[in-house]
Amino acid sequence: MKNVMIPEELFGKIIKYHLLDQEQEADDIRKGLEKKLDAMVNREAYSKFKTAPTEEEREKFRQEYLDRKGMQESFRW
């Protein structure tokens, strides 16, 4: 099982939400976790691109990574 690191501020908000029942933290927690999940998925796509065994797979994962990052077709090489 892998560990996931989150910012201390987000951790504090999660604690407040669960232990102190501060419901106003819910939106910030949701946004922070979504941001972290996006970063994890982007990193996984980049790793697949860099470690793909064949040139064809490498290009496929490169395109997937660029799509996730929102890179326009005209800026790609």
# chains A, B, ... in the order shown; residues from 1 in each chain; ligands from 1
call {"tool": "residues_around", "arguments": {"residues": "Phe11 (chain A)", "least_positions_apart": "4", "cutoff": "12 Å", "atoms": "only C-alpha atoms", "output": "mmCIF file with N, CA, C and O atoms, in the first residue's frame"}}
result
data_model
loop_
_atom_site.group_PDB
_atom_site.id
_atom_site.type_symbol
_atom_site.label_atom_id
_atom_site.label_comp_id
_atom_site.auth_asym_id
_atom_site.auth_seq_id
_atom_site.Cartn_x
_atom_site.Cartn_y
_atom_site.Cartn_z
ATOM 1 N N VAL A 4 0.157 8.553 0.743
ATOM 2 C CA VAL A 4 -0.170 9.776 0.016
ATOM 3 C C VAL A 4 0.048 10.944 0.962
ATOM 4 O O VAL A 4 -0.447 10.941 2.089
ATOM 5 N N MET A 5 0.799 11.917 0.486
ATOM 6 C CA MET A 5 1.046 13.102 1.309
ATOM 7 C C MET A 5 0.093 14.221 0.893
ATOM 8 O O MET A 5 -0.117 14.451 -0.298
ATOM 9 N N ILE A 6 -0.486 14.877 1.894
ATOM 10 C CA ILE A 6 -1.359 16.017 1.637
ATOM 11 C C ILE A 6 -0.806 17.203 2.423
ATOM 12 O O ILE A 6 -0.085 17.028 3.405
ATOM 13 N N PRO A 7 -1.155 18.414 2.006
ATOM 14 C CA PRO A 7 -0.695 19.603 2.747
ATOM 15 C C PRO A 7 -1.216 19.595 4.193
ATOM 16 O O PRO A 7 -2.315 19.093 4.473
ATOM 17 N N ILE A 15 -9.355 17.114 9.968
ATOM 18 C CA ILE A 15 -9.507 16.867 11.407
ATOM 19 C C ILE A 15 -10.663 17.690 11.972
ATOM 20 O O ILE A 15 -11.509 17.173 12.711
ATOM 21 N N LYS A 16 -10.712 18.971 11.616
ATOM 22 C CA LYS A 16 -11.801 19.824 12.099
ATOM 23 C C LYS A 16 -13.155 19.290 11.654
ATOM 24 O O LYS A 16 -14.122 19.294 12.419
ATOM 25 N N TYR A 17 -13.228 18.821 10.414
ATOM 26 C CA TYR A 17 -14.481 18.318 9.861
ATOM 27 C C TYR A 17 -14.949 17.076 10.619
ATOM 28 O O TYR A 17 -16.111 16.963 10.983
ATOM 29 N N HIS A 18 -14.026 16.145 10.847
ATOM 30 C CA HIS A 18 -14.423 14.871 11.458
ATOM 31 C C HIS A 18 -14.496 14.918 12.984
ATOM 32 O O HIS A 18 -15.400 14.314 13.570
ATOM 33 N N LEU A 19 -13.577 15.588 13.616
ATOM 34 C CA LEU A 19 -13.545 15.565 15.074
ATOM 35 C C LEU A 19 -14.335 16.697 15.720
ATOM 36 O O LEU A 19 -14.878 16.536 16.812
ATOM 37 N N GLU A 25 -16.022 23.248 6.420
ATOM 38 C CA GLU A 25 -14.759 22.837 5.820
ATOM 39 C C GLU A 25 -14.957 21.875 4.646
ATOM 40 O O GLU A 25 -14.019 21.580 3.919
ATOM 41 N N ASP A 28 -13.793 23.012 1.032
ATOM 42 C CA ASP A 28 -12.338 23.118 0.932
ATOM 43 C C ASP A 28 -11.682 21.736 0.904
ATOM 44 O O ASP A 28 -10.730 21.510 0.178
ATOM 45 N N ILE A 29 -12.204 20.818 1.706
ATOM 46 C CA ILE A 29 -11.672 19.454 1.733
ATOM 47 C C ILE A 29 -11.882 18.789 0.384
ATOM 48 O O ILE A 29 -10.973 18.172 -0.176
ATOM 49 N N ARG A 30 -13.081 18.927 -0.157
ATOM 50 C CA ARG A 30 -13.398 18.311 -1.456
ATOM 51 C C ARG A 30 -12.471 18.849 -2.542
ATOM 52 O O ARG A 30 -11.903 18.091 -3.323
ATOM 53 N N GLY A 32 -9.497 20.273 -2.171
ATOM 54 C CA GLY A 32 -8.126 19.850 -1.904
ATOM 55 C C GLY A 32 -7.878 18.406 -2.293
ATOM 56 O O GLY A 32 -6.841 18.070 -2.878
ATOM 57 N N LEU A 33 -8.838 17.539 -1.985
ATOM 58 C CA LEU A 33 -8.678 16.124 -2.337
ATOM 59 C C LEU A 33 -8.779 15.904 -3.850
ATOM 60 O O LEU A 33 -8.065 15.073 -4.408
#
call {"tool": "residues_around", "arguments": {"residues": "region 41-45 of chain A", "least_positions_apart": "5", "cutoff": "8 Å", "atoms": "only C-alpha atoms", "output": "PyMOL selection string"}}
result
chain A and resi 61-62+64-65+68-69
call {"tool": "select_by_dssp", "arguments": {"residues": "chain A", "states": "alpha helix (DSSP H)", "output": "PyMOL selection string"}}
result
chain A and resi 8-19+26-51+55-69
call {"tool": "atom_distance", "arguments": {"atom1": "CA of Glu55 (chain A)", "atom2": "CA of Gln72 (chain A)"}}
result
21.8 Å
call {"tool": "residues_around", "arguments": {"residues": "Ala26 (chain A)", "least_positions_apart": "5", "cutoff": "9 Å", "atoms": "only C-alpha atoms", "output": "compact mmCIF listing (two decimals) with C-alpha atoms, in the first residue's frame"}}
result
# COMPACT_ATOMS: atom_id res chain seq x y z
CA LYS A 13 -9.38 20.88 7.82
CA ILE A 14 -10.10 17.14 7.66
CA TYR A 17 -14.48 18.32 9.86
CA LYS A 31 -11.41 20.77 -3.59
call {"tool": "closest_residue", "arguments": {"among": "A:Lys48, A:Leu10, A:Glu56, A:Asp67", "to": "Lys35 (chain A)", "atoms": "only C-alpha atoms"}}
result
A:Leu10
call {"tool": "atom_distance", "arguments": {"atom1": "CA of Met71 (chain A)", "atom2": "CA of Tyr46 (chain A)"}}
result
13.6 Å
